[in-house]
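Peer 1: Below is upload.txt; it holds compact mmCIF, C-alpha atoms and all ligand atoms.
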```txt
# COMPACT_ATOMS: atom_id res chain seq x y z
CA MET H 82 117.82 87.28 89.22
CA TYR H 83 116.74 90.50 90.94
CA ALA H 84 115.96 89.91 94.62
CA LEU H 85 112.89 91.84 95.65
CA GLU H 86 113.32 94.09 98.69
CA ARG H 87 110.79 96.12 100.64
CA ALA H 88 112.54 99.24 99.24
CA SER H 89 112.40 98.06 95.61
CA ARG H 90 110.79 100.50 93.21
CA ILE H 91 107.86 98.51 91.82
CA TYR H 92 105.92 100.15 89.02
CA VAL H 93 102.29 99.03 88.86
CA ALA H 94 101.04 100.02 85.40
CA GLY H 95 97.25 100.34 85.37
CA HIS H 96 96.93 100.94 89.11
CA THR H 97 93.33 102.24 89.01
CA GLY H 98 91.87 99.11 87.41
CA LEU H 99 90.62 95.85 88.87
CA VAL H 100 94.01 94.09 88.91
CA GLY H 101 96.27 97.12 89.42
CA SER H 102 94.33 98.34 92.45
CA ALA H 103 94.49 94.84 93.94
CA MET H 104 98.25 94.83 93.34
CA LEU H 105 98.64 98.16 95.16
CA ARG H 106 96.63 96.85 98.13
CA LYS H 107 98.77 93.71 98.25
CA LEU H 108 102.10 95.55 98.02
CA SER H 109 101.05 98.04 100.68
CA GLN H 110 99.88 95.24 103.05
CA ALA H 111 103.19 93.45 102.49
CA GLY H 112 105.19 96.56 103.44
CA PHE H 113 106.50 97.73 100.06
CA SER H 114 106.91 101.44 100.50
CA ARG H 115 108.20 102.60 97.13
CA THR H 116 105.47 101.51 94.75
CA LEU H 117 105.36 103.68 91.62
CA THR H 118 102.20 104.65 89.77
CA ALA H 119 101.36 107.12 87.01
CA ALA H 120 97.94 108.61 86.34
CA ARG H 121 96.65 108.38 82.78
CA SER H 122 96.82 112.19 82.53
CA GLU H 123 100.53 112.01 83.40
CA LEU H 124 101.52 109.04 81.23
CA ASP H 125 99.90 107.73 78.04
CA LEU H 126 101.07 104.11 77.84
CA THR H 127 100.19 103.91 74.13
CA ASP H 128 102.82 106.58 73.43
CA ARG H 129 106.34 105.14 73.25
CA ASN H 130 108.17 108.45 73.84
CA SER H 131 106.15 109.25 76.96
CA VAL H 132 106.79 105.76 78.31
CA LYS H 133 110.53 106.09 77.66
CA ALA H 134 110.68 109.50 79.37
CA TRP H 135 108.72 108.22 82.38
CA PHE H 136 110.96 105.13 82.82
CA ALA H 137 114.10 107.28 82.48
CA ALA H 138 112.85 109.60 85.21
CA HIS H 139 111.55 106.95 87.66
CA ARG H 140 113.86 103.93 87.04
CA PRO H 141 111.68 101.12 88.40
CA HIS H 142 113.40 97.89 89.52
CA VAL H 143 110.34 95.74 88.86
CA VAL H 144 107.26 96.21 86.67
CA VAL H 145 103.81 94.68 87.09
CA LEU H 146 101.95 95.35 83.86
CA CYS H 147 98.23 95.41 84.67
CA ALA H 148 97.28 98.15 82.19
CA ALA H 149 95.24 96.88 79.26
CA ARG H 150 92.09 97.50 77.31
CA VAL H 151 89.76 94.90 78.81
CA GLY H 152 86.09 94.13 78.68
CA GLY H 153 83.42 91.49 78.55
CA ILE H 154 82.15 89.50 75.63
CA LEU H 155 80.25 92.31 73.83
CA ALA H 156 82.93 94.96 74.38
CA ASN H 157 85.49 92.63 72.76
CA ALA H 158 83.21 91.83 69.84
CA SER H 159 82.28 95.46 69.17
CA ALA H 160 85.75 97.09 69.27
CA PRO H 161 88.18 94.47 67.87
CA VAL H 162 90.53 97.12 66.46
CA GLU H 163 91.01 98.84 69.83
CA PHE H 164 91.30 95.54 71.69
CA LEU H 165 94.11 94.51 69.36
CA LEU H 166 95.95 97.80 68.85
CA ASP H 167 95.68 99.41 72.29
CA ASN H 168 96.91 96.26 73.95
CA LEU H 169 99.78 95.80 71.50
CA HIS H 170 100.86 99.43 71.96
CA ILE H 171 100.66 99.37 75.75
CA GLN H 172 102.47 96.08 76.21
CA ASN H 173 105.12 96.70 73.53
CA ASN H 174 105.93 100.12 75.00
CA VAL H 175 106.05 99.00 78.61
CA ILE H 176 107.83 95.66 78.14
CA HIS H 177 110.37 96.94 75.62
CA THR H 178 111.13 100.10 77.61
CA ALA H 179 111.45 98.07 80.80
CA HIS H 180 114.10 95.98 79.06
CA GLU H 181 115.90 99.03 77.63
CA THR H 182 116.11 100.65 81.06
CA GLY H 183 117.42 97.51 82.77
CA VAL H 184 114.31 96.29 84.59
CA GLU H 185 115.21 92.70 85.51
CA GLN H 186 111.80 91.42 86.58
CA LEU H 187 108.46 92.03 84.96
CA VAL H 188 105.05 90.43 85.35
CA PHE H 189 102.75 90.61 82.35
CA LEU H 190 99.07 89.87 82.78
CA GLY H 191 97.15 87.95 80.17
CA SER H 192 93.93 86.01 80.29
CA SER H 193 92.66 82.47 79.93
CA CYS H 194 91.15 83.44 76.55
CA ILE H 195 94.62 83.04 74.98
CA TYR H 196 93.97 79.30 74.88
CA PRO H 197 92.20 77.47 72.04
CA ARG H 198 88.42 77.48 72.06
CA GLU H 199 88.32 73.68 72.02
CA ALA H 200 91.22 73.12 74.43
CA ASN H 201 91.04 70.05 76.65
CA GLN H 202 89.73 70.89 80.11
CA PRO H 203 91.26 71.79 82.47
CA ILE H 204 93.44 73.88 80.17
CA GLY H 205 97.17 73.41 80.68
CA GLU H 206 99.78 76.03 79.76
CA ASP H 207 101.05 73.68 77.02
CA SER H 208 97.85 74.05 75.01
CA LEU H 209 98.90 77.55 73.91
CA LEU H 210 98.79 77.88 70.10
CA THR H 211 97.65 74.32 69.48
CA ALA H 212 94.28 75.13 67.82
CA PRO H 213 92.03 78.08 66.78
CA LEU H 214 90.91 80.72 69.30
CA GLU H 215 87.41 81.74 70.40
CA PRO H 216 86.30 84.35 67.81
CA THR H 217 84.57 86.74 70.27
CA ASN H 218 87.90 87.68 71.85
CA ARG H 219 90.50 86.65 69.26
CA PRO H 220 92.00 90.17 68.76
CA TYR H 221 92.51 90.59 72.51
CA ALA H 222 93.90 87.07 72.81
CA ILE H 223 96.34 87.57 69.93
CA ALA H 224 97.66 90.79 71.51
CA LYS H 225 98.19 88.93 74.79
CA ILE H 226 99.93 86.03 73.02
CA ALA H 227 102.26 88.59 71.39
CA GLY H 228 103.08 89.93 74.87
CA ILE H 229 103.99 86.45 76.10
CA GLU H 230 106.17 85.95 73.03
CA LEU H 231 107.95 89.27 73.69
CA CYS H 232 108.70 88.31 77.30
CA TRP H 233 109.98 84.91 76.15
CA ALA H 234 112.15 86.48 73.44
CA LEU H 235 113.69 88.96 75.91
CA ASN H 236 114.43 86.12 78.32
CA ARG H 237 116.15 84.07 75.61
CA GLN H 238 118.02 86.86 73.91
CA HIS H 239 118.79 89.16 76.84
CA GLN H 240 118.53 86.90 79.92
CA ARG H 241 115.61 88.81 81.37
CA ARG H 242 113.27 87.20 83.88
CA TYR H 243 109.92 88.38 82.52
CA PHE H 244 106.89 86.18 82.97
CA ALA H 245 103.19 86.18 82.24
CA LEU H 246 100.27 85.17 84.43
CA MET H 247 97.11 83.87 82.78
CA PRO H 248 94.28 84.47 85.19
CA THR H 249 90.82 83.13 84.70
CA ASN H 250 87.78 85.52 84.77
CA LEU H 251 88.53 88.11 87.45
CA TYR H 252 86.25 90.16 89.68
CA GLY H 253 86.53 92.39 92.75
CA PRO H 254 86.68 96.06 93.86
CA GLU H 255 87.29 98.71 91.17
CA ASP H 256 85.67 96.49 88.56
CA ASN H 257 83.85 97.90 85.54
CA PHE H 258 80.09 97.76 86.22
CA ASP H 259 79.03 99.29 82.90
CA LEU H 260 76.25 97.10 81.59
CA PHE H 261 77.50 97.03 78.01
CA SER H 262 81.25 96.62 78.45
CA SER H 263 81.61 94.73 81.75
CA HIS H 264 82.28 91.08 82.41
CA VAL H 265 79.51 88.84 83.61
CA LEU H 266 79.93 88.98 87.38
CA PRO H 267 79.81 92.78 87.82
CA ALA H 268 76.96 92.89 85.28
CA LEU H 269 74.92 90.39 87.30
CA ILE H 270 75.56 92.29 90.54
CA ARG H 271 74.44 95.58 89.08
CA LYS H 272 71.46 94.21 87.14
CA MET H 273 70.09 92.35 90.15
CA HIS H 274 70.78 95.17 92.61
CA GLU H 275 68.95 97.69 90.42
CA ALA H 276 66.12 95.24 89.67
CA ARG H 277 65.62 94.67 93.40
CA GLU H 278 65.59 98.42 94.08
CA ARG H 279 62.98 98.96 91.34
CA ALA H 280 61.04 95.88 92.46
CA ASP H 281 61.25 94.48 88.90
CA ALA H 282 59.74 91.04 88.37
CA SER H 283 62.70 89.81 86.29
CA VAL H 284 66.19 90.56 84.97
CA THR H 285 67.48 89.74 81.52
CA LEU H 286 70.85 88.05 81.26
CA TRP H 287 72.82 87.22 78.14
CA GLY H 288 73.15 83.98 76.22
CA THR H 289 71.77 80.64 77.35
CA GLY H 290 73.27 80.54 80.85
CA GLU H 291 74.83 77.18 79.94
CA PRO H 292 78.51 78.16 79.53
CA LYS H 293 80.82 77.50 82.44
CA ARG H 294 83.39 79.96 83.77
CA GLU H 295 85.98 79.96 86.54
CA PHE H 296 86.13 83.10 88.72
CA LEU H 297 89.10 84.43 90.68
CA TYR H 298 88.95 87.29 93.19
CA SER H 299 91.36 90.04 92.11
CA ASP H 300 93.24 90.12 95.43
CA ASP H 301 94.09 86.45 94.94
CA LEU H 302 95.72 87.24 91.60
CA ALA H 303 97.76 90.03 93.23
CA ASP H 304 98.76 87.57 95.93
CA ALA H 305 99.93 85.10 93.27
CA ALA H 306 101.98 87.77 91.46
CA LEU H 307 103.79 88.84 94.62
CA TYR H 308 104.26 85.22 95.68
CA LEU H 309 106.12 84.53 92.42
CA LEU H 310 108.15 87.75 92.52
CA GLU H 311 109.41 86.71 95.95
CA ARG H 312 110.31 83.13 94.99
CA PRO H 313 114.01 82.32 94.73
CA ALA H 314 115.16 81.91 91.10
CA ALA H 315 115.81 78.19 91.52
CA ARG H 316 112.14 77.51 92.37
CA LEU H 317 111.10 79.11 89.08
CA ALA H 318 113.55 77.22 86.88
CA HIS H 319 110.73 75.68 84.83
CA LEU H 320 109.23 79.12 84.17
CA PHE H 321 112.46 80.38 82.64
CA CYS H 322 113.46 77.26 80.76
CA GLU H 323 113.97 78.27 77.12
CA ALA H 324 111.83 75.44 75.77
CA HIS H 325 108.52 76.78 77.16
CA PRO H 326 106.90 80.20 77.12
CA PRO H 327 107.19 81.86 80.56
CA LEU H 328 103.57 81.62 81.60
CA LEU H 329 101.57 80.28 84.51
CA ASN H 330 97.84 79.80 84.92
CA VAL H 331 96.22 81.37 87.96
CA GLY H 332 92.76 80.26 89.00
CA THR H 333 90.80 78.34 91.58
CA GLY H 334 90.58 75.05 89.69
CA GLN H 335 86.76 75.11 89.89
CA ASP H 336 84.18 76.42 87.46
CA ILE H 337 80.46 77.11 87.59
CA ARG H 338 77.63 77.40 85.06
CA ILE H 339 76.54 81.02 84.41
CA ARG H 340 72.99 80.01 85.45
CA GLU H 341 74.27 78.84 88.85
CA LEU H 342 76.41 81.94 89.21
CA ALA H 343 73.27 84.01 88.63
CA ASP H 344 71.51 82.14 91.47
CA LYS H 345 74.43 82.88 93.80
CA VAL H 346 74.45 86.58 92.91
CA ALA H 347 70.66 86.75 93.37
CA ARG H 348 71.02 85.32 96.89
CA THR H 349 73.81 87.77 97.78
CA VAL H 350 71.96 90.79 96.44
CA GLY H 351 68.53 89.69 97.70
CA PHE H 352 66.88 89.63 94.27
CA GLU H 353 63.92 87.26 94.21
CA GLY H 354 62.55 87.83 90.70
CA ALA H 355 62.84 85.63 87.63
CA LEU H 356 65.86 85.22 85.33
CA GLN H 357 65.29 85.65 81.61
CA TRP H 358 67.90 84.71 79.01
CA ASP H 359 68.48 86.79 75.89
CA THR H 360 69.77 84.11 73.53
CA GLY H 361 70.42 86.74 70.86
CA LYS H 362 73.53 87.65 72.88
CA PRO H 363 76.66 85.47 72.52
CA ASP H 364 77.56 82.64 74.87
CA GLY H 365 81.22 82.74 73.95
CA THR H 366 83.33 79.72 74.68
CA ALA H 367 81.49 76.82 76.34
CA ARG H 368 84.05 76.28 79.07
CA LYS H 369 87.50 77.54 80.11
CA LEU H 370 88.65 75.88 83.28
CA LEU H 371 92.34 76.35 83.94
CA ASP H 372 94.74 73.63 84.97
CA VAL H 373 96.38 75.28 87.97
CA SER H 374 98.68 72.39 88.89
CA ARG H 375 101.88 74.33 88.13
CA MET H 376 100.96 77.08 90.57
CA SER H 377 99.90 74.45 93.11
CA ALA H 378 103.25 72.71 92.70
CA LEU H 379 104.92 76.03 93.49
CA GLY H 380 102.95 76.12 96.74
CA TRP H 381 100.29 78.70 95.83
CA GLN H 382 96.52 78.39 95.98
CA ALA H 383 93.62 80.83 95.68
CA LYS H 384 92.20 81.81 99.07
CA THR H 385 88.84 83.49 98.47
CA PRO H 386 85.84 81.14 98.03
CA LEU H 387 83.39 82.31 95.36
CA ASP H 388 80.53 83.06 97.81
CA GLN H 389 82.79 85.22 99.95
CA GLY H 390 84.23 86.95 96.88
CA ILE H 391 80.78 87.78 95.50
CA ALA H 392 79.82 89.27 98.89
CA LEU H 393 83.03 91.36 98.89
CA ALA H 394 82.46 92.50 95.31
CA TYR H 395 78.88 93.51 96.15
CA GLU H 396 80.12 95.47 99.20
CA ALA H 397 82.62 97.26 96.96
CA PHE H 398 79.87 98.07 94.45
CA LEU H 399 77.65 99.49 97.23
CA ALA H 400 80.57 101.55 98.53
CA GLY H 401 81.17 103.03 95.07
CA ARG H 402 84.54 101.30 94.62
CA VAL H 403 83.98 100.91 90.89
CA ARG H 404 86.04 101.80 87.84
CA ARG H 405 84.91 105.05 86.21
CA LEU H 406 85.08 104.75 82.45
O1 LIG O 501 82.35 87.68 81.34
P1 LIG O 501 81.94 87.66 79.91
O2 LIG O 501 81.47 88.95 79.34
O3 LIG O 501 83.10 87.18 78.98
O4 LIG O 501 80.75 86.60 79.71
P2 LIG O 501 83.82 85.80 78.55
C1 LIG O 501 80.76 85.33 80.29
C2 LIG O 501 79.44 84.62 80.03
O5 LIG O 501 78.40 85.26 80.79
C3 LIG O 501 78.98 84.63 78.57
C4 LIG O 501 77.27 85.47 79.97
O6 LIG O 501 78.43 83.37 78.25
C5 LIG O 501 77.88 85.70 78.58
O7 LIG O 501 76.93 85.51 77.55
N1 LIG O 501 76.46 86.59 80.49
C6 LIG O 501 75.19 86.49 80.97
C7 LIG O 501 76.81 87.90 80.55
N2 LIG O 501 74.71 87.69 81.29
C8 LIG O 501 75.70 88.58 81.06
C9 LIG O 501 75.78 90.01 81.21
O8 LIG O 501 74.84 90.68 81.64
N3 LIG O 501 76.98 90.59 80.89
C10 LIG O 501 78.04 89.86 80.43
N4 LIG O 501 79.18 90.49 80.15
N5 LIG O 501 77.97 88.52 80.23
C11 LIG O 501 85.79 87.42 78.24
C12 LIG O 501 86.61 87.86 77.07
O9 LIG O 501 85.05 86.37 77.76
O10 LIG O 501 86.55 86.94 79.30
C13 LIG O 501 87.80 88.65 77.44
O11 LIG O 501 85.77 88.54 76.16
C14 LIG O 501 88.53 88.09 78.64
O12 LIG O 501 88.64 88.72 76.36
C15 LIG O 501 87.59 87.74 79.75
O13 LIG O 501 89.27 86.96 78.27
C16 LIG O 501 88.28 87.07 80.91
O14 LIG O 501 84.24 84.99 79.73
O15 LIG O 501 83.00 85.07 77.55
```
Let's see the structure in the file written out as structure tokens.
Ligand code: GFB

Peer 2:
Amino acid sequence: MYALERASRIYVAGHTGLVGSAMLRKLSQAGFSRTLTAARSELDLTDRNSVKAWFAAHRPHVVVLCAARVGGILANASAPVEFLLDNLHIQNNVIHTAHETGVEQLVFLGSSCIYPREANQPIGEDSLLTAPLEPTNRPYAIAKIAGIELCWALNRQHQRRYFALMPTNLYGPEDNFDLFSSHVLPALIRKMHEARERADASVTLWGTGEPKREFLYSDDLADAALYLLERPAARLAHLFCEAHPPLLNVGTGQDIRIRELADKVARTVGFEGALQWDTGKPDGTARKLLDVSRMSALGWQAKTPLDQGIALAYEAFLAGRVRRL
């Protein structure tokens, strides 16, 4: 297995997004000096020939694949074709080309929505493909499951060491704060911040507020990815055993009702008005708490408590550290 060195060429695909930017911060803090990135104008990841030419020119040793079409519940439901096809193109091009150019280690990023809608809670890695998916994000989930399968197939057939991390709902700097396409936490921050500035009496949130979600600060996910890349091969034997797909859940092990999350965001932002719930908008899955015992057994735990993370995300929003669409 490739031993990571401070001089390794690590390609972070999707470096301007929520996860990719966190990965760059982490690698830079840890002293990796040869991180590779490519602007969208320079490299279209949906185009196989461009990806091949870029890999041939830059020869990364390791790839962290953070690039993806992502979005919240309504974005997924309103553009199912793009959520399926863009993700399949990006991941097929990057993972396959990485293999063809001899990249020994690759981290692929998925999402907890790959698991069945009615999975037992907390959701263990073994529940993959055991029952139907949540319909609001099924196209995205199926693309991500195909990416896991590709990593697993390359490991079996070509002795690669490619693995996938399944984070729970992420948030942090460089998040998408667009009110239609964002995830819930950035949406709540922006809605309540703007409502406070306008002195509105109330904000309208989506669904019933009853679903529960688990939230992970993006820098914690980057920390987990680097932690695993630096582990000796023997410690990761279970991850690369042929009988199981090479995936690990990454989360905090704790979830919260959307209603309670809204109260926390209101306190952070200083919004004192009322919360109204638009029940015409979808709730999505009722709960998706990850079982993080495999990561815990490997010695890793999330470090950022939710209250601190929300404060950091709000600071980033105020400082304009947001993803431009
Ligand atoms: O974060 P979110 O958009 O996506 O929504 P999912 C989480 C919950 O928050 C849902 C509620 O029950 C929403 O109805 N919510 C309340 C809001 N107010 C708002 C709001 O103003 N904006 C948004 N966006 N939600 C996504 C998947 O599912 O999770 C993706 O669609 C991915 O594929 C991602 O897996 C992690 O948690 O339901």

Peer 1: Draw an axis-aligned box over all listed atoms of ligand LIG 501 (chain O), pad each side with 6 Å, and write its centre and edge lengths in Å, one decimal, as JSON.

Peer 2:
```
{"center_x": 82.0, "center_y": 87.0, "center_z": 78.9, "size_x": 26.6, "size_y": 19.3, "size_z": 17.5}
```

Peer 1: Please give me, as a count of residues only, the residues lying within 8 Å of ligand LIG 501 (chain O) when counting only C-alpha atoms and all ligand atoms.

Peer 2: 50

Peer 1: Which of these, H:Arg402, H:Arg279, H:Arg121, H:Lys369, has the shortest distance to H:Ala200 once you count all atoms listed in the file?

Peer 2: H:Lys369

Peer 1: To one decimal place in Å, what is the distance between atom CA of H:Ala94 and atom CA of H:Phe258?

Peer 2: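 The value is 21.1 Å.
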
Peer 1: Taking all atoms listed in the file into account, name the residue in H:Arg277, H:His180, H:His239, H:Arg129 that is nearest to H:Arg348.

Peer 2: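 Of H:Arg277, H:His180, H:His239, H:Arg129, the one nearest H:Arg348, counting all atoms listed in the file, is H:Arg277.
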
Peer 1: Dump as JSON lines the rows for residues of stretch 98-182 of chain H within 9 Å of stretch 83-87 of chain H: closest atom pair and distance in Å with one decimal, only C-alpha atoms counted, ordered by chain and rising residue number.

Peer 2:
```
{"residue": "H:Ala111", "atom": "CA", "partner": "H:Arg87", "partner_atom": "CA", "distance": 8.3}
{"residue": "H:Gly112", "atom": "CA", "partner": "H:Arg87", "partner_atom": "CA", "distance": 6.3}
{"residue": "H:Phe113", "atom": "CA", "partner": "H:Arg87", "partner_atom": "CA", "distance": 4.6}
{"residue": "H:Ser114", "atom": "CA", "partner": "H:Arg87", "partner_atom": "CA", "distance": 6.6}
{"residue": "H:Arg115", "atom": "CA", "partner": "H:Arg87", "partner_atom": "CA", "distance": 7.8}
{"residue": "H:His142", "atom": "CA", "partner": "H:Tyr83", "partner_atom": "CA", "distance": 8.2}
{"residue": "H:Val143", "atom": "CA", "partner": "H:Leu85", "partner_atom": "CA", "distance": 8.2}
```
